[in-house]
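**Q** My structure is in my_file03.txt, and what it holds is compact mmCIF, N, CA and C atoms:
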# COMPACT_ATOMS: atom_id res chain seq x y z
N MET A 1 -9.52 8.17 1.61
CA MET A 1 -9.42 7.13 0.60
C MET A 1 -8.08 7.19 -0.12
N LYS A 2 -7.55 8.41 -0.32
CA LYS A 2 -6.27 8.54 -1.03
C LYS A 2 -5.14 7.86 -0.25
N LEU A 3 -5.06 8.15 1.05
CA LEU A 3 -4.00 7.56 1.88
C LEU A 3 -4.20 6.06 2.06
N HIS A 4 -5.44 5.63 2.12
CA HIS A 4 -5.75 4.20 2.22
C HIS A 4 -5.24 3.47 0.99
N PHE A 5 -5.59 3.98 -0.18
CA PHE A 5 -5.16 3.32 -1.41
C PHE A 5 -3.64 3.40 -1.57
N ALA A 6 -3.04 4.54 -1.26
CA ALA A 6 -1.58 4.68 -1.37
C ALA A 6 -0.88 3.65 -0.47
N ALA A 7 -1.37 3.47 0.75
CA ALA A 7 -0.79 2.48 1.66
C ALA A 7 -0.93 1.07 1.11
N GLU A 8 -2.06 0.78 0.52
CA GLU A 8 -2.26 -0.56 -0.03
C GLU A 8 -1.37 -0.81 -1.25
N VAL A 9 -1.11 0.22 -2.04
CA VAL A 9 -0.18 0.07 -3.17
C VAL A 9 1.22 -0.23 -2.64
N ILE A 10 1.66 0.51 -1.63
CA ILE A 10 2.99 0.28 -1.04
C ILE A 10 3.07 -1.13 -0.46
N LEU A 11 2.06 -1.52 0.29
CA LEU A 11 2.04 -2.87 0.87
C LEU A 11 2.11 -3.93 -0.22
N GLU A 12 1.34 -3.77 -1.27
CA GLU A 12 1.34 -4.75 -2.36
C GLU A 12 2.71 -4.82 -3.04
N LEU A 13 3.36 -3.69 -3.24
CA LEU A 13 4.70 -3.69 -3.83
C LEU A 13 5.69 -4.46 -2.96
N PHE A 14 5.63 -4.23 -1.65
CA PHE A 14 6.50 -4.99 -0.74
C PHE A 14 6.19 -6.48 -0.80
N MET A 15 4.91 -6.84 -0.83
CA MET A 15 4.52 -8.25 -0.88
C MET A 15 4.96 -8.90 -2.19
N GLN A 16 4.90 -8.16 -3.28
CA GLN A 16 5.33 -8.71 -4.57
C GLN A 16 6.84 -8.95 -4.59
N LYS A 17 7.60 -8.06 -3.97
CA LYS A 17 9.06 -8.18 -4.00
C LYS A 17 9.59 -9.14 -2.94
N PHE A 18 8.96 -9.15 -1.78
CA PHE A 18 9.41 -9.97 -0.66
C PHE A 18 8.24 -10.84 -0.19
N ALA A 19 8.09 -12.01 -0.78
CA ALA A 19 6.94 -12.87 -0.51
C ALA A 19 6.81 -13.25 0.97
N ASN A 20 7.93 -13.28 1.69
CA ASN A 20 7.87 -13.71 3.09
C ASN A 20 7.84 -12.54 4.08
N ILE A 21 7.70 -11.31 3.62
CA ILE A 21 7.66 -10.16 4.52
C ILE A 21 6.38 -10.22 5.37
N GLN A 22 6.50 -9.84 6.62
CA GLN A 22 5.36 -9.87 7.54
C GLN A 22 4.93 -8.45 7.88
N LYS A 23 3.68 -8.13 7.56
CA LYS A 23 3.10 -6.86 8.00
C LYS A 23 2.65 -7.06 9.44
N VAL A 24 3.05 -6.16 10.34
CA VAL A 24 2.68 -6.31 11.74
C VAL A 24 1.82 -5.17 12.25
N GLY A 25 1.49 -4.23 11.37
CA GLY A 25 0.63 -3.13 11.77
C GLY A 25 0.39 -2.17 10.63
N ALA A 26 -0.64 -1.37 10.79
CA ALA A 26 -0.97 -0.34 9.80
C ALA A 26 -1.94 0.65 10.44
N HIS A 27 -1.94 1.85 9.92
CA HIS A 27 -2.88 2.87 10.41
C HIS A 27 -3.04 3.92 9.32
N ILE A 28 -4.25 4.44 9.22
CA ILE A 28 -4.54 5.51 8.27
C ILE A 28 -5.17 6.65 9.06
N SER A 29 -4.57 7.83 8.96
CA SER A 29 -5.13 9.01 9.62
C SER A 29 -5.41 10.07 8.57
N ALA A 30 -5.81 11.23 9.00
CA ALA A 30 -6.16 12.30 8.07
C ALA A 30 -4.95 12.84 7.30
N ASP A 31 -3.75 12.79 7.91
CA ASP A 31 -2.59 13.41 7.27
C ASP A 31 -1.51 12.44 6.82
N LYS A 32 -1.59 11.17 7.23
CA LYS A 32 -0.61 10.18 6.76
C LYS A 32 -1.14 8.78 7.02
N SER A 33 -0.52 7.83 6.36
CA SER A 33 -0.80 6.43 6.64
C SER A 33 0.53 5.76 6.92
N ARG A 34 0.48 4.57 7.51
CA ARG A 34 1.71 3.86 7.82
C ARG A 34 1.50 2.36 7.71
N ILE A 35 2.61 1.67 7.44
CA ILE A 35 2.63 0.21 7.42
C ILE A 35 3.86 -0.21 8.21
N ASP A 36 3.68 -1.14 9.14
CA ASP A 36 4.78 -1.66 9.94
C ASP A 36 5.11 -3.07 9.48
N PHE A 37 6.41 -3.34 9.34
CA PHE A 37 6.89 -4.65 8.90
C PHE A 37 7.88 -5.22 9.90
N GLU A 38 7.94 -6.54 9.99
CA GLU A 38 9.09 -7.19 10.62
C GLU A 38 10.20 -7.11 9.60
N TRP A 39 11.33 -6.52 9.99
CA TRP A 39 12.42 -6.33 9.05
C TRP A 39 13.71 -6.20 9.86
N PRO A 40 14.77 -6.91 9.50
CA PRO A 40 15.98 -6.97 10.33
C PRO A 40 16.92 -5.77 10.23
N GLU A 41 16.70 -4.85 9.30
CA GLU A 41 17.61 -3.73 9.10
C GLU A 41 16.84 -2.52 8.61
N SER A 42 17.52 -1.41 8.48
CA SER A 42 16.87 -0.19 8.00
C SER A 42 16.26 -0.40 6.62
N ILE A 43 15.05 0.05 6.48
CA ILE A 43 14.32 -0.09 5.22
C ILE A 43 14.59 1.10 4.29
N THR A 44 15.33 2.08 4.79
CA THR A 44 15.60 3.31 4.04
C THR A 44 16.13 3.09 2.63
N PRO A 45 17.10 2.17 2.41
CA PRO A 45 17.63 2.01 1.06
C PRO A 45 16.59 1.55 0.02
N LEU A 46 15.48 1.01 0.47
CA LEU A 46 14.45 0.52 -0.45
C LEU A 46 13.41 1.57 -0.81
N LEU A 47 13.32 2.63 -0.02
CA LEU A 47 12.19 3.55 -0.15
C LEU A 47 12.14 4.30 -1.47
N ALA A 48 13.26 4.73 -2.00
CA ALA A 48 13.24 5.48 -3.27
C ALA A 48 12.66 4.63 -4.39
N GLU A 49 13.08 3.37 -4.46
CA GLU A 49 12.56 2.46 -5.49
C GLU A 49 11.06 2.21 -5.32
N PHE A 50 10.63 1.97 -4.09
CA PHE A 50 9.22 1.71 -3.85
C PHE A 50 8.37 2.96 -4.10
N GLN A 51 8.87 4.11 -3.75
CA GLN A 51 8.14 5.34 -4.02
C GLN A 51 7.99 5.54 -5.53
N GLN A 52 9.06 5.30 -6.28
CA GLN A 52 9.02 5.45 -7.74
C GLN A 52 8.01 4.46 -8.35
N GLN A 53 8.05 3.21 -7.91
CA GLN A 53 7.13 2.20 -8.45
C GLN A 53 5.68 2.54 -8.10
N ALA A 54 5.44 2.94 -6.86
CA ALA A 54 4.08 3.30 -6.45
C ALA A 54 3.59 4.51 -7.24
N GLN A 55 4.46 5.51 -7.42
CA GLN A 55 4.05 6.70 -8.16
C GLN A 55 3.73 6.35 -9.61
N ALA A 56 4.45 5.40 -10.18
CA ALA A 56 4.16 4.97 -11.55
C ALA A 56 2.77 4.34 -11.63
N VAL A 57 2.40 3.54 -10.64
CA VAL A 57 1.05 2.96 -10.60
C VAL A 57 0.02 4.07 -10.48
N ILE A 58 0.27 5.01 -9.58
CA ILE A 58 -0.65 6.13 -9.36
C ILE A 58 -0.78 6.98 -10.63
N ASP A 59 0.35 7.32 -11.23
CA ASP A 59 0.36 8.18 -12.41
C ASP A 59 -0.23 7.51 -13.66
N SER A 60 -0.38 6.19 -13.63
CA SER A 60 -0.92 5.49 -14.80
C SER A 60 -2.38 5.84 -15.06
N ASP A 61 -3.04 6.46 -14.10
CA ASP A 61 -4.44 6.85 -14.24
C ASP A 61 -5.33 5.65 -14.57
N ALA A 62 -4.99 4.51 -14.02
CA ALA A 62 -5.76 3.28 -14.28
C ALA A 62 -7.06 3.28 -13.47
N GLU A 63 -8.03 2.58 -14.00
CA GLU A 63 -9.29 2.39 -13.28
C GLU A 63 -9.05 1.47 -12.09
N ILE A 64 -9.67 1.78 -10.96
CA ILE A 64 -9.63 0.93 -9.78
C ILE A 64 -10.99 0.22 -9.70
N GLU A 65 -10.98 -1.06 -9.99
CA GLU A 65 -12.20 -1.85 -9.90
C GLU A 65 -12.37 -2.26 -8.45
N SER A 66 -13.57 -2.11 -7.91
CA SER A 66 -13.88 -2.53 -6.55
C SER A 66 -15.17 -3.33 -6.63
N ALA A 67 -15.12 -4.58 -6.14
CA ALA A 67 -16.29 -5.45 -6.27
C ALA A 67 -16.24 -6.54 -5.21
N PHE A 68 -17.25 -7.40 -5.22
CA PHE A 68 -17.30 -8.54 -4.31
C PHE A 68 -16.65 -9.75 -4.95
N SER A 69 -15.79 -10.42 -4.20
CA SER A 69 -15.30 -11.73 -4.63
C SER A 69 -16.24 -12.81 -4.11
N ASP A 70 -16.96 -12.51 -3.01
CA ASP A 70 -17.96 -13.40 -2.44
C ASP A 70 -19.03 -12.51 -1.80
N GLU A 71 -20.09 -12.26 -2.53
CA GLU A 71 -21.11 -11.33 -2.05
C GLU A 71 -21.79 -11.83 -0.79
N GLY A 72 -22.05 -13.14 -0.71
CA GLY A 72 -22.70 -13.71 0.47
C GLY A 72 -21.89 -13.51 1.74
N GLN A 73 -20.59 -13.62 1.64
CA GLN A 73 -19.69 -13.42 2.78
C GLN A 73 -19.20 -11.97 2.89
N GLU A 74 -19.68 -11.13 1.98
CA GLU A 74 -19.31 -9.72 1.92
C GLU A 74 -17.80 -9.52 1.83
N ARG A 75 -17.16 -10.34 1.03
CA ARG A 75 -15.72 -10.20 0.79
C ARG A 75 -15.51 -9.37 -0.46
N ARG A 76 -14.80 -8.28 -0.27
CA ARG A 76 -14.57 -7.34 -1.36
C ARG A 76 -13.11 -7.33 -1.76
N TYR A 77 -12.84 -6.73 -2.91
CA TYR A 77 -11.47 -6.56 -3.38
C TYR A 77 -11.39 -5.28 -4.19
N TRP A 78 -10.16 -4.84 -4.40
CA TRP A 78 -9.90 -3.81 -5.40
C TRP A 78 -8.91 -4.40 -6.39
N LYS A 79 -8.96 -3.90 -7.62
CA LYS A 79 -8.11 -4.43 -8.68
C LYS A 79 -7.68 -3.30 -9.60
N VAL A 80 -6.39 -3.30 -9.93
CA VAL A 80 -5.84 -2.44 -10.97
C VAL A 80 -5.24 -3.38 -12.00
N GLU A 81 -5.82 -3.38 -13.18
CA GLU A 81 -5.38 -4.29 -14.25
C GLU A 81 -3.88 -4.14 -14.49
N GLY A 82 -3.19 -5.27 -14.54
CA GLY A 82 -1.76 -5.28 -14.78
C GLY A 82 -0.92 -5.03 -13.55
N PHE A 83 -1.56 -4.76 -12.40
CA PHE A 83 -0.81 -4.53 -11.17
C PHE A 83 -1.17 -5.56 -10.09
N ALA A 84 -2.42 -5.55 -9.64
CA ALA A 84 -2.77 -6.45 -8.54
C ALA A 84 -4.28 -6.51 -8.34
N GLN A 85 -4.69 -7.58 -7.69
CA GLN A 85 -6.04 -7.70 -7.13
C GLN A 85 -5.85 -8.02 -5.65
N VAL A 86 -6.42 -7.16 -4.79
CA VAL A 86 -6.15 -7.23 -3.35
C VAL A 86 -7.47 -7.30 -2.58
N PRO A 87 -7.61 -8.28 -1.68
CA PRO A 87 -8.80 -8.31 -0.84
C PRO A 87 -8.83 -7.09 0.08
N CYS A 88 -9.96 -6.41 0.13
CA CYS A 88 -10.09 -5.22 0.99
C CYS A 88 -11.54 -4.81 1.07
N GLY A 89 -12.02 -4.60 2.27
CA GLY A 89 -13.41 -4.20 2.47
C GLY A 89 -13.62 -2.70 2.51
N GLY A 90 -12.56 -1.92 2.35
CA GLY A 90 -12.67 -0.47 2.43
C GLY A 90 -13.25 0.16 1.18
N THR A 91 -13.39 1.47 1.23
CA THR A 91 -13.84 2.22 0.06
C THR A 91 -12.62 2.64 -0.75
N HIS A 92 -12.81 2.79 -2.04
CA HIS A 92 -11.68 3.11 -2.90
C HIS A 92 -12.04 4.17 -3.92
N LEU A 93 -10.98 4.79 -4.43
CA LEU A 93 -11.10 5.79 -5.49
C LEU A 93 -11.53 5.12 -6.78
N LYS A 94 -11.87 5.92 -7.77
CA LYS A 94 -12.24 5.37 -9.07
C LYS A 94 -11.03 5.19 -9.99
N ARG A 95 -10.02 6.07 -9.82
CA ARG A 95 -8.83 6.01 -10.67
C ARG A 95 -7.59 6.22 -9.80
N THR A 96 -6.51 5.57 -10.20
CA THR A 96 -5.27 5.66 -9.43
C THR A 96 -4.75 7.09 -9.32
N SER A 97 -4.93 7.88 -10.36
CA SER A 97 -4.37 9.23 -10.39
C SER A 97 -5.00 10.16 -9.35
N GLU A 98 -6.13 9.79 -8.78
CA GLU A 98 -6.77 10.62 -7.76
C GLU A 98 -5.91 10.76 -6.51
N VAL A 99 -4.94 9.86 -6.32
CA VAL A 99 -4.07 9.91 -5.15
C VAL A 99 -3.17 11.14 -5.20
N GLY A 100 -2.61 11.45 -6.35
CA GLY A 100 -1.67 12.56 -6.47
C GLY A 100 -0.25 12.11 -6.15
N ARG A 101 0.57 13.02 -5.66
CA ARG A 101 1.97 12.72 -5.35
C ARG A 101 2.08 12.14 -3.95
N ILE A 102 2.94 11.13 -3.79
CA ILE A 102 3.17 10.54 -2.49
C ILE A 102 4.63 10.72 -2.07
N ALA A 103 4.86 10.62 -0.78
CA ALA A 103 6.23 10.63 -0.23
C ALA A 103 6.29 9.53 0.82
N LEU A 104 7.44 8.84 0.86
CA LEU A 104 7.66 7.78 1.84
C LEU A 104 8.76 8.19 2.80
N LYS A 105 8.59 7.78 4.06
CA LYS A 105 9.58 8.08 5.09
C LYS A 105 9.70 6.87 6.00
N ARG A 106 10.90 6.59 6.44
CA ARG A 106 11.16 5.46 7.32
C ARG A 106 11.15 5.90 8.79
N LYS A 107 10.57 5.03 9.63
CA LYS A 107 10.68 5.18 11.07
C LYS A 107 11.02 3.83 11.65
N ASN A 108 11.93 3.82 12.60
CA ASN A 108 12.27 2.58 13.29
C ASN A 108 11.37 2.51 14.52
N VAL A 109 10.59 1.43 14.64
CA VAL A 109 9.66 1.30 15.76
C VAL A 109 10.13 0.27 16.79
N GLY A 110 11.35 -0.18 16.66
CA GLY A 110 11.90 -1.12 17.62
C GLY A 110 12.70 -2.19 16.91
N LYS A 111 13.41 -2.97 17.69
CA LYS A 111 14.28 -3.99 17.13
C LYS A 111 13.50 -4.95 16.24
N GLY A 112 13.94 -5.02 14.98
CA GLY A 112 13.32 -5.94 14.04
C GLY A 112 12.02 -5.46 13.43
N LYS A 113 11.66 -4.20 13.68
CA LYS A 113 10.43 -3.64 13.11
C LYS A 113 10.74 -2.31 12.44
N GLU A 114 10.18 -2.15 11.26
CA GLU A 114 10.36 -0.91 10.50
C GLU A 114 9.00 -0.38 10.09
N ARG A 115 8.88 0.93 10.02
CA ARG A 115 7.63 1.59 9.63
C ARG A 115 7.88 2.43 8.39
N VAL A 116 6.95 2.31 7.44
CA VAL A 116 6.94 3.18 6.28
C VAL A 116 5.77 4.13 6.44
N GLU A 117 6.05 5.41 6.48
CA GLU A 117 5.00 6.43 6.56
C GLU A 117 4.77 6.98 5.16
N ILE A 118 3.49 7.14 4.80
CA ILE A 118 3.10 7.65 3.50
C ILE A 118 2.35 8.96 3.68
N THR A 119 2.80 9.99 2.99
CA THR A 119 2.10 11.27 3.00
C THR A 119 1.81 11.69 1.57
N LEU A 120 0.87 12.60 1.43
CA LEU A 120 0.51 13.13 0.11
C LEU A 120 1.10 14.52 -0.05
What's the structure tokens form of this structure?

**A**
Amino acid sequence: MKLHFAAEVILELFMQKFANIQKVGAHISADKSRIDFEWPESITPLLAEFQQQAQAVIDSDAEIESAFSDEGQERRYWKVEGFAQVPCGGTHLKRTSEVGRIALKRKNVGKGKERVEITL
């Protein structure tokens, strides 16, 4: 759940800053999570800023609300007041601070695609 939520925070930060960015893949494993984007150049110069912003959200110790936006259709979301409300059917932590410290790393997965790896 920690890596899932951390990845979703990173994705939301990218979506907030770059409205037209395209996510082309994602994966969550036991030791890291990743998000793949269509991106024309190295994403490395952006990572320090995004890591700092994500860590600020995590360190805020805010409540993570998880509920149905449409119970009949079983559509769920998570919400952190003042940050975002994101559709997601997964399970989530109760507070942002449960994630702990995160680290971001760039991987190039091919021409025009960049990967952000998230570890705890």

**Q** Which of these residues is nearest to Glu74 of chain A, using all atoms listed in the file: A:Gly89, A:His4, A:Ala62, A:Ile118?

**A** A:Gly89

**Q** Hey, which of A:Ile64, A:Leu46, A:Ala6, A:Ile35 ends up closest to Trp78 of chain A? Count all atoms listed in the file.

**A**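 Of A:Ile64, A:Leu46, A:Ala6, A:Ile35, the one nearest Trp78 of chain A, counting all atoms listed in the file, is A:Ile64.
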
**Q** In Å, how far is it from atom CA of Arg76 of chain A to atom CA of Val9 of chain A?

**A**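 So the answer is 16.3 Å.
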
**Q** What separation in Å, quoted to one decimal, exists between atom CA of Ile21 of chain A and atom CA of Trp39 of chain A?

**A**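 Result for atom CA of Ile21 of chain A versus atom CA of Trp39 of chain A: 7.6 Å, one decimal.
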
**Q** Which one of A:Val24, A:Leu13, A:Leu93, A:Leu120 sits closest to Gln53 of chain A if you count only C-alpha atoms?

**A**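 Distance minimum relative to Gln53 of chain A lands on A:Leu13.
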
**Q** Mind rebuilding segment 22-39 of chain A with N, CA, C and O atoms and writing that out as a compact mmCIF listing (two decimals), in the frame of the given file?

**A**
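Here's the written file rebuild-v2.txt:
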# COMPACT_ATOMS: atom_id res chain seq x y z
N GLN A 22 6.50 -9.84 6.62
CA GLN A 22 5.36 -9.87 7.54
C GLN A 22 4.93 -8.45 7.88
O GLN A 22 5.70 -7.67 8.44
N LYS A 23 3.68 -8.13 7.56
CA LYS A 23 3.10 -6.86 8.00
C LYS A 23 2.65 -7.06 9.44
O LYS A 23 1.97 -8.04 9.74
N VAL A 24 3.05 -6.16 10.34
CA VAL A 24 2.68 -6.31 11.74
C VAL A 24 1.82 -5.17 12.25
O VAL A 24 1.42 -5.16 13.41
N GLY A 25 1.49 -4.23 11.37
CA GLY A 25 0.63 -3.13 11.77
C GLY A 25 0.39 -2.17 10.63
O GLY A 25 1.13 -2.17 9.65
N ALA A 26 -0.64 -1.37 10.79
CA ALA A 26 -0.97 -0.34 9.80
C ALA A 26 -1.94 0.65 10.44
O ALA A 26 -2.66 0.30 11.39
N HIS A 27 -1.94 1.85 9.92
CA HIS A 27 -2.88 2.87 10.41
C HIS A 27 -3.04 3.92 9.32
O HIS A 27 -2.09 4.26 8.62
N ILE A 28 -4.25 4.44 9.22
CA ILE A 28 -4.54 5.51 8.27
C ILE A 28 -5.17 6.65 9.06
O ILE A 28 -6.17 6.44 9.75
N SER A 29 -4.57 7.83 8.96
CA SER A 29 -5.13 9.01 9.62
C SER A 29 -5.41 10.07 8.57
O SER A 29 -5.22 9.83 7.37
N ALA A 30 -5.81 11.23 9.00
CA ALA A 30 -6.16 12.30 8.07
C ALA A 30 -4.95 12.84 7.30
O ALA A 30 -5.09 13.28 6.16
N ASP A 31 -3.75 12.79 7.91
CA ASP A 31 -2.59 13.41 7.27
C ASP A 31 -1.51 12.44 6.82
O ASP A 31 -0.59 12.83 6.10
N LYS A 32 -1.59 11.17 7.23
CA LYS A 32 -0.61 10.18 6.76
C LYS A 32 -1.14 8.78 7.02
O LYS A 32 -2.08 8.58 7.79
N SER A 33 -0.52 7.83 6.36
CA SER A 33 -0.80 6.43 6.64
C SER A 33 0.53 5.76 6.92
O SER A 33 1.60 6.32 6.64
N ARG A 34 0.48 4.57 7.51
CA ARG A 34 1.71 3.86 7.82
C ARG A 34 1.50 2.36 7.71
O ARG A 34 0.38 1.87 7.86
N ILE A 35 2.61 1.67 7.44
CA ILE A 35 2.63 0.21 7.42
C ILE A 35 3.86 -0.21 8.21
O ILE A 35 4.96 0.32 7.98
N ASP A 36 3.68 -1.14 9.14
CA ASP A 36 4.78 -1.66 9.94
C ASP A 36 5.11 -3.07 9.48
O ASP A 36 4.20 -3.89 9.27
N PHE A 37 6.41 -3.34 9.34
CA PHE A 37 6.89 -4.65 8.90
C PHE A 37 7.88 -5.22 9.90
O PHE A 37 8.61 -4.46 10.55
N GLU A 38 7.94 -6.54 9.99
CA GLU A 38 9.09 -7.19 10.62
C GLU A 38 10.20 -7.11 9.60
O GLU A 38 10.04 -7.54 8.46
N TRP A 39 11.33 -6.52 9.99
CA TRP A 39 12.42 -6.33 9.05
C TRP A 39 13.71 -6.20 9.86
O TRP A 39 13.77 -5.42 10.81
